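Shown next: my_file.txt, containing compact mmCIF, N, CA and C atoms.
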# COMPACT_ATOMS: atom_id res chain seq x y z
N MET Y 25 -12.60 -78.06 31.17
CA MET Y 25 -12.18 -78.36 29.81
C MET Y 25 -13.41 -78.58 28.93
N PHE Y 26 -14.24 -79.55 29.23
CA PHE Y 26 -15.45 -79.79 28.45
C PHE Y 26 -16.65 -79.36 29.28
N THR Y 27 -17.61 -78.73 28.62
CA THR Y 27 -18.79 -78.25 29.35
C THR Y 27 -19.98 -79.18 29.22
N ARG Y 28 -20.07 -79.90 28.11
CA ARG Y 28 -21.18 -80.85 27.98
C ARG Y 28 -20.99 -81.72 26.74
N LEU Y 29 -21.69 -82.83 26.75
CA LEU Y 29 -21.81 -83.68 25.57
C LEU Y 29 -22.88 -83.04 24.70
N ALA Y 30 -22.50 -82.54 23.54
CA ALA Y 30 -23.45 -81.84 22.67
C ALA Y 30 -24.34 -82.81 21.92
N CYS Y 31 -23.76 -83.87 21.36
CA CYS Y 31 -24.56 -84.88 20.67
C CYS Y 31 -23.67 -86.03 20.21
N VAL Y 32 -24.32 -87.08 19.80
CA VAL Y 32 -23.66 -88.22 19.16
C VAL Y 32 -24.09 -88.19 17.70
N SER Y 33 -23.13 -88.23 16.80
CA SER Y 33 -23.42 -88.21 15.36
C SER Y 33 -23.41 -89.64 14.83
N VAL Y 34 -24.49 -90.01 14.15
CA VAL Y 34 -24.66 -91.35 13.62
C VAL Y 34 -24.72 -91.26 12.10
N ALA Y 35 -23.82 -91.96 11.43
CA ALA Y 35 -23.80 -92.00 9.97
C ALA Y 35 -24.78 -93.06 9.50
N VAL Y 36 -25.60 -92.67 8.53
CA VAL Y 36 -26.59 -93.58 7.94
C VAL Y 36 -26.54 -93.43 6.42
N PRO Y 37 -26.92 -94.46 5.67
CA PRO Y 37 -26.88 -94.34 4.21
C PRO Y 37 -27.79 -93.24 3.67
N ARG Y 38 -28.96 -93.07 4.30
CA ARG Y 38 -29.92 -92.06 3.84
C ARG Y 38 -30.76 -91.61 5.03
N ILE Y 39 -30.70 -90.34 5.36
CA ILE Y 39 -31.40 -89.81 6.53
C ILE Y 39 -32.89 -90.14 6.49
N GLU Y 40 -33.52 -89.92 5.34
CA GLU Y 40 -34.97 -90.14 5.26
C GLU Y 40 -35.36 -91.56 5.65
N ASP Y 41 -34.52 -92.53 5.33
CA ASP Y 41 -34.82 -93.93 5.66
C ASP Y 41 -34.60 -94.23 7.13
N ALA Y 42 -33.78 -93.47 7.80
CA ALA Y 42 -33.47 -93.72 9.21
C ALA Y 42 -34.35 -92.93 10.18
N LEU Y 43 -34.98 -91.87 9.71
CA LEU Y 43 -35.73 -90.98 10.60
C LEU Y 43 -36.76 -91.71 11.46
N ALA Y 44 -37.53 -92.60 10.86
CA ALA Y 44 -38.59 -93.28 11.61
C ALA Y 44 -38.05 -94.07 12.79
N ASP Y 45 -36.85 -94.63 12.66
CA ASP Y 45 -36.26 -95.38 13.78
C ASP Y 45 -36.09 -94.48 15.01
N TYR Y 46 -35.76 -93.23 14.77
CA TYR Y 46 -35.48 -92.31 15.86
C TYR Y 46 -36.71 -91.52 16.31
N THR Y 47 -37.60 -91.20 15.36
CA THR Y 47 -38.78 -90.42 15.73
C THR Y 47 -39.91 -91.34 16.20
N GLU Y 48 -40.33 -92.25 15.36
CA GLU Y 48 -41.42 -93.16 15.75
C GLU Y 48 -40.94 -94.21 16.75
N GLY Y 49 -39.77 -94.79 16.49
CA GLY Y 49 -39.27 -95.85 17.36
C GLY Y 49 -38.85 -95.36 18.74
N LEU Y 50 -38.02 -94.31 18.79
CA LEU Y 50 -37.51 -93.81 20.07
C LEU Y 50 -38.35 -92.67 20.65
N GLY Y 51 -39.27 -92.14 19.85
CA GLY Y 51 -40.11 -91.06 20.33
C GLY Y 51 -39.43 -89.71 20.38
N LEU Y 52 -38.33 -89.55 19.63
CA LEU Y 52 -37.64 -88.27 19.58
C LEU Y 52 -38.22 -87.44 18.43
N ASP Y 53 -37.85 -86.17 18.39
CA ASP Y 53 -38.38 -85.25 17.39
C ASP Y 53 -37.28 -84.85 16.41
N LEU Y 54 -37.68 -84.64 15.15
CA LEU Y 54 -36.80 -84.01 14.19
C LEU Y 54 -36.82 -82.52 14.51
N ILE Y 55 -35.66 -81.96 14.82
CA ILE Y 55 -35.56 -80.55 15.17
C ILE Y 55 -35.19 -79.79 13.91
N GLY Y 56 -36.12 -79.01 13.41
CA GLY Y 56 -35.88 -78.28 12.17
C GLY Y 56 -36.06 -79.19 10.97
N GLU Y 57 -35.14 -79.09 10.04
CA GLU Y 57 -35.22 -79.86 8.81
C GLU Y 57 -33.87 -80.50 8.51
N ILE Y 58 -33.81 -81.23 7.42
CA ILE Y 58 -32.54 -81.80 6.98
C ILE Y 58 -31.72 -80.68 6.35
N HIS Y 59 -30.48 -80.53 6.80
CA HIS Y 59 -29.62 -79.44 6.36
C HIS Y 59 -28.50 -79.96 5.47
N GLN Y 60 -28.07 -79.13 4.56
CA GLN Y 60 -26.90 -79.42 3.72
C GLN Y 60 -25.67 -78.85 4.42
N GLY Y 61 -24.63 -79.65 4.57
CA GLY Y 61 -23.40 -79.18 5.18
C GLY Y 61 -22.74 -78.10 4.35
N LYS Y 62 -21.88 -77.31 4.98
CA LYS Y 62 -21.24 -76.18 4.31
C LYS Y 62 -19.83 -76.48 3.85
N ARG Y 63 -19.35 -77.69 4.03
CA ARG Y 63 -17.96 -77.99 3.71
C ARG Y 63 -17.76 -78.52 2.29
N GLY Y 64 -18.85 -78.66 1.51
CA GLY Y 64 -18.71 -78.92 0.09
C GLY Y 64 -18.51 -80.36 -0.32
N TYR Y 65 -18.74 -81.35 0.53
CA TYR Y 65 -18.59 -82.73 0.07
C TYR Y 65 -19.87 -83.54 0.24
N GLY Y 66 -21.00 -82.89 0.07
CA GLY Y 66 -22.27 -83.60 0.03
C GLY Y 66 -22.81 -84.06 1.37
N LEU Y 67 -22.29 -83.55 2.45
CA LEU Y 67 -22.76 -83.94 3.78
C LEU Y 67 -24.13 -83.35 4.03
N ARG Y 68 -25.02 -84.17 4.57
CA ARG Y 68 -26.32 -83.69 5.03
C ARG Y 68 -26.48 -84.12 6.48
N PHE Y 69 -27.24 -83.33 7.25
CA PHE Y 69 -27.44 -83.70 8.64
C PHE Y 69 -28.83 -83.32 9.11
N ALA Y 70 -29.31 -84.06 10.10
CA ALA Y 70 -30.60 -83.79 10.73
C ALA Y 70 -30.42 -83.96 12.23
N ASN Y 71 -30.95 -83.01 12.99
CA ASN Y 71 -30.85 -83.08 14.45
C ASN Y 71 -32.10 -83.73 15.03
N ILE Y 72 -31.88 -84.66 15.93
CA ILE Y 72 -32.96 -85.42 16.55
C ILE Y 72 -32.86 -85.20 18.06
N GLY Y 73 -33.98 -84.94 18.71
CA GLY Y 73 -33.94 -84.73 20.15
C GLY Y 73 -35.30 -84.48 20.72
N ARG Y 74 -35.34 -83.64 21.71
CA ARG Y 74 -36.60 -83.31 22.37
C ARG Y 74 -36.48 -81.91 22.95
N ASP Y 75 -37.58 -81.18 22.94
CA ASP Y 75 -37.66 -79.83 23.51
C ASP Y 75 -36.56 -78.91 22.98
N GLY Y 76 -36.23 -79.03 21.69
CA GLY Y 76 -35.24 -78.17 21.09
C GLY Y 76 -33.80 -78.54 21.38
N GLN Y 77 -33.57 -79.58 22.16
CA GLN Y 77 -32.21 -80.01 22.48
C GLN Y 77 -31.84 -81.21 21.62
N THR Y 78 -30.70 -81.11 20.95
CA THR Y 78 -30.23 -82.20 20.11
C THR Y 78 -29.55 -83.26 20.96
N PHE Y 79 -29.93 -84.50 20.74
CA PHE Y 79 -29.28 -85.64 21.38
C PHE Y 79 -28.45 -86.41 20.36
N ILE Y 80 -29.05 -86.56 19.17
CA ILE Y 80 -28.45 -87.37 18.11
C ILE Y 80 -28.48 -86.54 16.83
N GLU Y 81 -27.40 -86.62 16.07
CA GLU Y 81 -27.33 -85.98 14.76
C GLU Y 81 -27.17 -87.09 13.74
N LEU Y 82 -28.10 -87.18 12.81
CA LEU Y 82 -27.98 -88.15 11.73
C LEU Y 82 -27.21 -87.51 10.59
N LEU Y 83 -26.26 -88.25 10.03
CA LEU Y 83 -25.42 -87.78 8.93
C LEU Y 83 -25.56 -88.73 7.74
N ASP Y 84 -25.63 -88.16 6.55
CA ASP Y 84 -25.44 -88.99 5.36
C ASP Y 84 -24.57 -88.20 4.39
N ALA Y 85 -24.20 -88.82 3.31
CA ALA Y 85 -23.29 -88.15 2.36
C ALA Y 85 -23.75 -88.45 0.95
N GLU Y 86 -24.01 -87.39 0.21
CA GLU Y 86 -24.38 -87.53 -1.19
C GLU Y 86 -23.16 -87.51 -2.10
N GLY Y 87 -22.01 -87.12 -1.56
CA GLY Y 87 -20.78 -87.06 -2.34
C GLY Y 87 -19.65 -87.71 -1.58
N ASP Y 88 -18.44 -87.56 -2.12
CA ASP Y 88 -17.25 -88.12 -1.49
C ASP Y 88 -16.83 -87.24 -0.32
N GLY Y 89 -16.34 -87.83 0.70
CA GLY Y 89 -15.89 -87.10 1.87
C GLY Y 89 -15.75 -88.05 3.04
N PRO Y 90 -15.45 -87.53 4.22
CA PRO Y 90 -15.20 -88.40 5.37
C PRO Y 90 -16.38 -89.28 5.77
N VAL Y 91 -17.59 -88.75 5.71
CA VAL Y 91 -18.75 -89.56 6.10
C VAL Y 91 -18.99 -90.67 5.09
N ARG Y 92 -18.85 -90.37 3.80
CA ARG Y 92 -19.01 -91.40 2.76
C ARG Y 92 -17.97 -92.50 2.95
N ARG Y 93 -16.73 -92.12 3.21
CA ARG Y 93 -15.68 -93.12 3.41
C ARG Y 93 -15.98 -93.97 4.65
N PHE Y 94 -16.48 -93.34 5.71
CA PHE Y 94 -16.85 -94.09 6.91
C PHE Y 94 -17.96 -95.09 6.59
N LEU Y 95 -19.01 -94.64 5.90
CA LEU Y 95 -20.12 -95.53 5.55
C LEU Y 95 -19.64 -96.68 4.67
N ASP Y 96 -18.78 -96.40 3.71
CA ASP Y 96 -18.27 -97.46 2.83
C ASP Y 96 -17.44 -98.47 3.60
N ARG Y 97 -16.70 -98.01 4.59
CA ARG Y 97 -15.80 -98.87 5.36
C ARG Y 97 -16.53 -99.58 6.51
N GLU Y 98 -17.38 -98.86 7.23
CA GLU Y 98 -17.96 -99.37 8.47
C GLU Y 98 -19.45 -99.67 8.39
N GLY Y 99 -20.16 -99.06 7.45
CA GLY Y 99 -21.62 -99.13 7.44
C GLY Y 99 -22.18 -98.15 8.45
N SER Y 100 -23.46 -98.21 8.70
CA SER Y 100 -24.10 -97.30 9.64
C SER Y 100 -23.53 -97.46 11.03
N GLY Y 101 -23.46 -96.36 11.75
CA GLY Y 101 -22.98 -96.44 13.13
C GLY Y 101 -22.54 -95.09 13.66
N VAL Y 102 -22.05 -95.11 14.89
CA VAL Y 102 -21.59 -93.87 15.51
C VAL Y 102 -20.39 -93.35 14.74
N TYR Y 103 -20.50 -92.15 14.23
CA TYR Y 103 -19.43 -91.52 13.46
C TYR Y 103 -18.54 -90.67 14.35
N GLN Y 104 -19.16 -89.92 15.25
CA GLN Y 104 -18.38 -89.06 16.15
C GLN Y 104 -19.20 -88.69 17.36
N ILE Y 105 -18.49 -88.22 18.37
CA ILE Y 105 -19.10 -87.66 19.56
C ILE Y 105 -18.68 -86.20 19.61
N ARG Y 106 -19.65 -85.30 19.83
CA ARG Y 106 -19.35 -83.87 19.88
C ARG Y 106 -19.37 -83.39 21.33
N LEU Y 107 -18.25 -82.80 21.74
CA LEU Y 107 -18.13 -82.22 23.07
C LEU Y 107 -18.00 -80.71 22.95
N GLU Y 108 -18.68 -79.99 23.81
CA GLU Y 108 -18.55 -78.54 23.83
C GLU Y 108 -17.53 -78.13 24.88
N THR Y 109 -16.87 -77.02 24.60
CA THR Y 109 -15.92 -76.43 25.53
C THR Y 109 -16.16 -74.93 25.55
N ASP Y 110 -15.83 -74.30 26.65
CA ASP Y 110 -15.98 -72.84 26.70
C ASP Y 110 -14.71 -72.13 26.25
N ASN Y 111 -13.62 -72.89 26.03
CA ASN Y 111 -12.38 -72.29 25.58
C ASN Y 111 -11.62 -73.31 24.74
N LEU Y 112 -11.86 -73.30 23.45
CA LEU Y 112 -11.24 -74.28 22.56
C LEU Y 112 -9.73 -74.19 22.58
N ARG Y 113 -9.21 -72.99 22.59
CA ARG Y 113 -7.75 -72.80 22.60
C ARG Y 113 -7.11 -73.51 23.79
N GLU Y 114 -7.64 -73.32 24.98
CA GLU Y 114 -7.08 -73.94 26.18
C GLU Y 114 -7.31 -75.46 26.17
N THR Y 115 -8.46 -75.87 25.67
CA THR Y 115 -8.74 -77.31 25.60
C THR Y 115 -7.75 -78.00 24.68
N VAL Y 116 -7.53 -77.44 23.48
CA VAL Y 116 -6.58 -78.02 22.53
C VAL Y 116 -5.18 -78.02 23.12
N LYS Y 117 -4.80 -76.94 23.74
CA LYS Y 117 -3.47 -76.86 24.36
C LYS Y 117 -3.30 -77.97 25.40
N GLY Y 118 -4.28 -78.13 26.27
CA GLY Y 118 -4.21 -79.16 27.30
C GLY Y 118 -4.15 -80.57 26.73
N LEU Y 119 -4.93 -80.81 25.69
CA LEU Y 119 -4.92 -82.13 25.06
C LEU Y 119 -3.57 -82.42 24.42
N LYS Y 120 -3.02 -81.44 23.70
CA LYS Y 120 -1.71 -81.64 23.07
C LYS Y 120 -0.63 -81.88 24.11
N GLU Y 121 -0.71 -81.19 25.24
CA GLU Y 121 0.27 -81.40 26.31
C GLU Y 121 0.20 -82.83 26.85
N ARG Y 122 -0.97 -83.46 26.75
CA ARG Y 122 -1.14 -84.85 27.20
C ARG Y 122 -0.77 -85.86 26.11
N GLY Y 123 -0.36 -85.35 24.93
CA GLY Y 123 0.03 -86.24 23.85
C GLY Y 123 -1.13 -86.66 22.96
N VAL Y 124 -2.28 -86.00 23.08
CA VAL Y 124 -3.44 -86.32 22.26
C VAL Y 124 -3.26 -85.66 20.89
N GLU Y 125 -3.55 -86.41 19.83
CA GLU Y 125 -3.44 -85.88 18.47
C GLU Y 125 -4.71 -85.09 18.15
N VAL Y 126 -4.54 -83.79 17.91
CA VAL Y 126 -5.66 -82.90 17.63
C VAL Y 126 -5.55 -82.39 16.20
N ILE Y 127 -6.68 -82.40 15.51
CA ILE Y 127 -6.76 -81.90 14.14
C ILE Y 127 -7.56 -80.61 14.18
N ILE Y 128 -6.98 -79.52 13.69
CA ILE Y 128 -7.68 -78.24 13.63
C ILE Y 128 -8.55 -78.26 12.38
N ALA Y 129 -9.80 -77.86 12.51
CA ALA Y 129 -10.75 -77.93 11.40
C ALA Y 129 -10.36 -76.99 10.28
N GLN Y 130 -10.59 -77.46 9.07
CA GLN Y 130 -10.37 -76.63 7.88
C GLN Y 130 -11.43 -75.54 7.85
N PRO Y 131 -11.07 -74.32 7.55
CA PRO Y 131 -12.07 -73.25 7.48
C PRO Y 131 -13.14 -73.56 6.44
N VAL Y 132 -14.40 -73.23 6.76
CA VAL Y 132 -15.48 -73.41 5.80
C VAL Y 132 -15.17 -72.53 4.59
N GLY Y 133 -15.35 -73.09 3.39
CA GLY Y 133 -15.07 -72.34 2.18
C GLY Y 133 -13.74 -72.69 1.56
N GLY Y 134 -12.99 -73.58 2.20
CA GLY Y 134 -11.74 -74.02 1.59
C GLY Y 134 -10.52 -73.54 2.33
N GLY Y 135 -9.39 -73.74 1.70
CA GLY Y 135 -8.12 -73.43 2.34
C GLY Y 135 -7.61 -74.65 3.07
N SER Y 136 -6.41 -74.55 3.55
CA SER Y 136 -5.84 -75.69 4.25
C SER Y 136 -6.05 -75.52 5.75
N ALA Y 137 -6.11 -76.62 6.44
CA ALA Y 137 -6.30 -76.57 7.88
C ALA Y 137 -5.04 -76.01 8.53
N PRO Y 138 -5.21 -75.05 9.41
CA PRO Y 138 -4.03 -74.48 10.06
C PRO Y 138 -3.45 -75.45 11.09
N ASP Y 139 -2.17 -75.30 11.37
CA ASP Y 139 -1.55 -76.12 12.40
C ASP Y 139 -1.96 -75.66 13.79
N GLU Y 140 -2.23 -74.40 13.91
CA GLU Y 140 -2.61 -73.82 15.20
C GLU Y 140 -3.94 -73.10 15.05
N LEU Y 141 -4.60 -72.87 16.16
CA LEU Y 141 -5.88 -72.17 16.15
C LEU Y 141 -5.71 -70.71 15.77
N THR Y 142 -6.63 -70.21 15.00
CA THR Y 142 -6.69 -68.78 14.70
C THR Y 142 -7.82 -68.20 15.54
N PRO Y 143 -7.92 -66.88 15.62
CA PRO Y 143 -9.00 -66.29 16.42
C PRO Y 143 -10.40 -66.70 15.94
N ASP Y 144 -10.55 -67.06 14.67
CA ASP Y 144 -11.86 -67.43 14.14
C ASP Y 144 -12.19 -68.92 14.26
N THR Y 145 -11.23 -69.73 14.66
CA THR Y 145 -11.45 -71.17 14.74
C THR Y 145 -12.32 -71.49 15.94
N ASN Y 146 -13.37 -72.30 15.70
CA ASN Y 146 -14.19 -72.74 16.82
C ASN Y 146 -14.46 -74.23 16.75
N LEU Y 147 -13.61 -74.95 16.00
CA LEU Y 147 -13.84 -76.36 15.80
C LEU Y 147 -12.51 -77.10 15.65
N ALA Y 148 -12.41 -78.24 16.31
CA ALA Y 148 -11.24 -79.10 16.19
C ALA Y 148 -11.70 -80.54 16.41
N PHE Y 149 -10.83 -81.47 16.10
CA PHE Y 149 -11.16 -82.89 16.28
C PHE Y 149 -10.03 -83.59 17.00
N VAL Y 150 -10.39 -84.56 17.82
CA VAL Y 150 -9.40 -85.47 18.40
C VAL Y 150 -9.34 -86.66 17.46
N HIS Y 151 -8.13 -86.93 16.96
CA HIS Y 151 -7.96 -88.03 16.02
C HIS Y 151 -8.33 -89.35 16.67
N PRO Y 152 -9.02 -90.24 15.95
CA PRO Y 152 -9.41 -91.53 16.50
C PRO Y 152 -8.25 -92.36 17.05
N LYS Y 153 -7.02 -92.11 16.57
CA LYS Y 153 -5.86 -92.84 17.11
C LYS Y 153 -5.68 -92.56 18.60
N SER Y 154 -6.15 -91.40 19.05
CA SER Y 154 -5.97 -91.01 20.45
C SER Y 154 -7.14 -91.42 21.34
N THR Y 155 -8.19 -91.99 20.76
CA THR Y 155 -9.39 -92.32 21.54
C THR Y 155 -9.94 -93.70 21.19
N SER Y 156 -9.07 -94.64 21.01
CA SER Y 156 -9.48 -96.03 20.74
C SER Y 156 -10.44 -96.14 19.56
N GLY Y 157 -10.21 -95.34 18.52
CA GLY Y 157 -10.98 -95.46 17.29
C GLY Y 157 -12.20 -94.56 17.17
N VAL Y 158 -12.45 -93.69 18.15
CA VAL Y 158 -13.63 -92.82 18.10
C VAL Y 158 -13.21 -91.40 17.76
N LEU Y 159 -13.86 -90.81 16.75
CA LEU Y 159 -13.62 -89.42 16.40
C LEU Y 159 -14.37 -88.54 17.39
N ILE Y 160 -13.67 -87.58 17.99
CA ILE Y 160 -14.28 -86.64 18.92
C ILE Y 160 -14.20 -85.25 18.30
N GLU Y 161 -15.35 -84.62 18.15
CA GLU Y 161 -15.40 -83.24 17.67
C GLU Y 161 -15.45 -82.32 18.87
N LEU Y 162 -14.60 -81.30 18.85
CA LEU Y 162 -14.57 -80.30 19.90
C LEU Y 162 -15.10 -79.01 19.33
N VAL Y 163 -16.08 -78.41 19.98
CA VAL Y 163 -16.66 -77.19 19.46
C VAL Y 163 -16.77 -76.16 20.58
N GLU Y 164 -16.39 -74.95 20.23
CA GLU Y 164 -16.56 -73.83 21.15
C GLU Y 164 -17.78 -73.05 20.68
N ARG Y 165 -18.77 -72.98 21.52
CA ARG Y 165 -19.98 -72.26 21.17
C ARG Y 165 -19.76 -70.77 21.33
N LYS Y 166 -20.26 -70.02 20.37
CA LYS Y 166 -20.18 -68.56 20.47
C LYS Y 166 -20.95 -68.14 21.70
N GLY Y 167 -20.39 -67.19 22.44
CA GLY Y 167 -21.04 -66.71 23.64
C GLY Y 167 -20.80 -67.58 24.86
N SER Y 168 -19.94 -68.60 24.70
CA SER Y 168 -19.64 -69.50 25.83
C SER Y 168 -18.73 -68.78 26.81
Any chance you could give the structure as structure tokens?
Amino acid sequence: MFTRLACVSVAVPRIEDALADYTEGLGLDLIGEIHQGKRGYGLRFANIGRDGQTFIELLDAEGDGPVRRFLDREGSGVYQIRLETDNLRETVKGLKERGVEVIIAQPVGGGSAPDELTPDTNLAFVHPKSTSGVLIELVERKGS
């Protein structure tokens, strides 16, 4: 069902202010640069890790959206855990059969989230109600 823990996403008020804690403090590396999210609500992210492998993803939000609401409600902290799967369709099916509430990701660029997976869908979420308050992101990697 799951092939690996891809990363832990940590919401912070401002990535630039948190970077030193992870790079200088923990000795991890910033992989690449700070990226702007593609979903249109001001999300920014930076991957932190070693040898090109991401361990932690720092998130902040310049606009309104889920990360901003999380920060306003909870402050800095673990926002989600990302798990990879080699077959998202089968993983979602199995989770739903177990009574787990799964949210299919809204397509990038807008539109409404479908109730079921389409051939182009490679992302879904397990609702925090099903995991004692933790958001779980499920991602199918291309070529998996």
Just how far from CA of Phe69 (chain Y) is CA of Val126 (chain Y), in Å to one decimal?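 Interatomic distance, CA of Val126 (chain Y) to CA of Phe69 (chain Y): 23.6 Å.
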Could you check how far CA of Glu40 (chain Y) sits from CA of Leu54 (chain Y), in Å to one decimal?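 Computing the Euclidean distance for CA of Glu40 (chain Y) and CA of Leu54 (chain Y) yields 11.0 Å.
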Just want the 9 Å neighbourhood of Ala85 (chain Y), counted on only C-alpha atoms, with same-chain residues fewer than 5 positions away dropped. Output as a list in words.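 Listed by chain and then number, they are Ala35, Val36, Pro37, Arg38, Tyr65, Gly66, Leu67, Arg68, Phe69, Pro90, Val91, Arg92 and Leu95 of chain Y.
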To one decimal place in Å, what is the distance between atom C of Val32 (chain Y) and CA of Arg165 (chain Y)? 16.8 Å
Let's see if you can do this: from backbone DSSP, list all strand (DSSP E or B) residues in chain Y, as a count of residues only. 55
Give me the residues near region 145-156 of chain Y as an NGL selection string, where near means some atom within 6.5 Å (using all atoms listed in the file) and where sequence neighbours in that chain fewer than 6 positions away do not count. :Y and (124-129 or 162-164)
Those in chain Y with alpha helix (DSSP H) from DSSP, as a ChimeraX atom specification: /Y:39-44,90-98,112-121
Residues just named, written with N, CA and C atoms as a short mmCIF file (atom, residue, chain, number, x, y, z; two decimals), keeping the file's coordinate frame:
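out-v1.cif was written with the following content:
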data_model
loop_
_atom_site.label_atom_id
_atom_site.label_comp_id
_atom_site.auth_asym_id
_atom_site.auth_seq_id
_atom_site.Cartn_x
_atom_site.Cartn_y
_atom_site.Cartn_z
N ILE Y 39 -30.70 -90.34 5.36
CA ILE Y 39 -31.40 -89.81 6.53
C ILE Y 39 -32.89 -90.14 6.49
N GLU Y 40 -33.52 -89.92 5.34
CA GLU Y 40 -34.97 -90.14 5.26
C GLU Y 40 -35.36 -91.56 5.65
N ASP Y 41 -34.52 -92.53 5.33
CA ASP Y 41 -34.82 -93.93 5.66
C ASP Y 41 -34.60 -94.23 7.13
N ALA Y 42 -33.78 -93.47 7.80
CA ALA Y 42 -33.47 -93.72 9.21
C ALA Y 42 -34.35 -92.93 10.18
N LEU Y 43 -34.98 -91.87 9.71
CA LEU Y 43 -35.73 -90.98 10.60
C LEU Y 43 -36.76 -91.71 11.46
N ALA Y 44 -37.53 -92.60 10.86
CA ALA Y 44 -38.59 -93.28 11.61
C ALA Y 44 -38.05 -94.07 12.79
N PRO Y 90 -15.45 -87.53 4.22
CA PRO Y 90 -15.20 -88.40 5.37
C PRO Y 90 -16.38 -89.28 5.77
N VAL Y 91 -17.59 -88.75 5.71
CA VAL Y 91 -18.75 -89.56 6.10
C VAL Y 91 -18.99 -90.67 5.09
N ARG Y 92 -18.85 -90.37 3.80
CA ARG Y 92 -19.01 -91.40 2.76
C ARG Y 92 -17.97 -92.50 2.95
N ARG Y 93 -16.73 -92.12 3.21
CA ARG Y 93 -15.68 -93.12 3.41
C ARG Y 93 -15.98 -93.97 4.65
N PHE Y 94 -16.48 -93.34 5.71
CA PHE Y 94 -16.85 -94.09 6.91
C PHE Y 94 -17.96 -95.09 6.59
N LEU Y 95 -19.01 -94.64 5.90
CA LEU Y 95 -20.12 -95.53 5.55
C LEU Y 95 -19.64 -96.68 4.67
N ASP Y 96 -18.78 -96.40 3.71
CA ASP Y 96 -18.27 -97.46 2.83
C ASP Y 96 -17.44 -98.47 3.60
N ARG Y 97 -16.70 -98.01 4.59
CA ARG Y 97 -15.80 -98.87 5.36
C ARG Y 97 -16.53 -99.58 6.51
N GLU Y 98 -17.38 -98.86 7.23
CA GLU Y 98 -17.96 -99.37 8.47
C GLU Y 98 -19.45 -99.67 8.39
N LEU Y 112 -11.86 -73.30 23.45
CA LEU Y 112 -11.24 -74.28 22.56
C LEU Y 112 -9.73 -74.19 22.58
N ARG Y 113 -9.21 -72.99 22.59
CA ARG Y 113 -7.75 -72.80 22.60
C ARG Y 113 -7.11 -73.51 23.79
N GLU Y 114 -7.64 -73.32 24.98
CA GLU Y 114 -7.08 -73.94 26.18
C GLU Y 114 -7.31 -75.46 26.17
N THR Y 115 -8.46 -75.87 25.67
CA THR Y 115 -8.74 -77.31 25.60
C THR Y 115 -7.75 -78.00 24.68
N VAL Y 116 -7.53 -77.44 23.48
CA VAL Y 116 -6.58 -78.02 22.53
C VAL Y 116 -5.18 -78.02 23.12
N LYS Y 117 -4.80 -76.94 23.74
CA LYS Y 117 -3.47 -76.86 24.36
C LYS Y 117 -3.30 -77.97 25.40
N GLY Y 118 -4.28 -78.13 26.27
CA GLY Y 118 -4.21 -79.16 27.30
C GLY Y 118 -4.15 -80.57 26.73
N LEU Y 119 -4.93 -80.81 25.69
CA LEU Y 119 -4.92 -82.13 25.06
C LEU Y 119 -3.57 -82.42 24.42
N LYS Y 120 -3.02 -81.44 23.70
CA LYS Y 120 -1.71 -81.64 23.07
C LYS Y 120 -0.63 -81.88 24.11
N GLU Y 121 -0.71 -81.19 25.24
CA GLU Y 121 0.27 -81.40 26.31
C GLU Y 121 0.20 -82.83 26.85
#
Which residue out of Y:Leu112, Y:Val34, Y:Leu29, Y:Ile160 has the minimum interatomic distance to Ser100 (chain Y) when all atoms listed in the file are used?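 Closest to Ser100 (chain Y), using all atoms listed in the file: Y:Val34.
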List as a list in words the protein and nucleic acid residues near Glu81 (chain Y), meaning an atom at most 6 Å away when only N, CA and C atoms are counted, but skip any in the same chain fewer than 5 places from it. Cys31, Val32, Ser33, Val34, Ala70, Asn71 and Ile72 of chain Y
From the set Y:Arg93, Y:Tyr46, Y:Gly99, Y:Thr109, which residue has the shortest atom-to-atom contact distance to Gly73 (chain Y), counting only N, CA and C atoms? Y:Tyr46
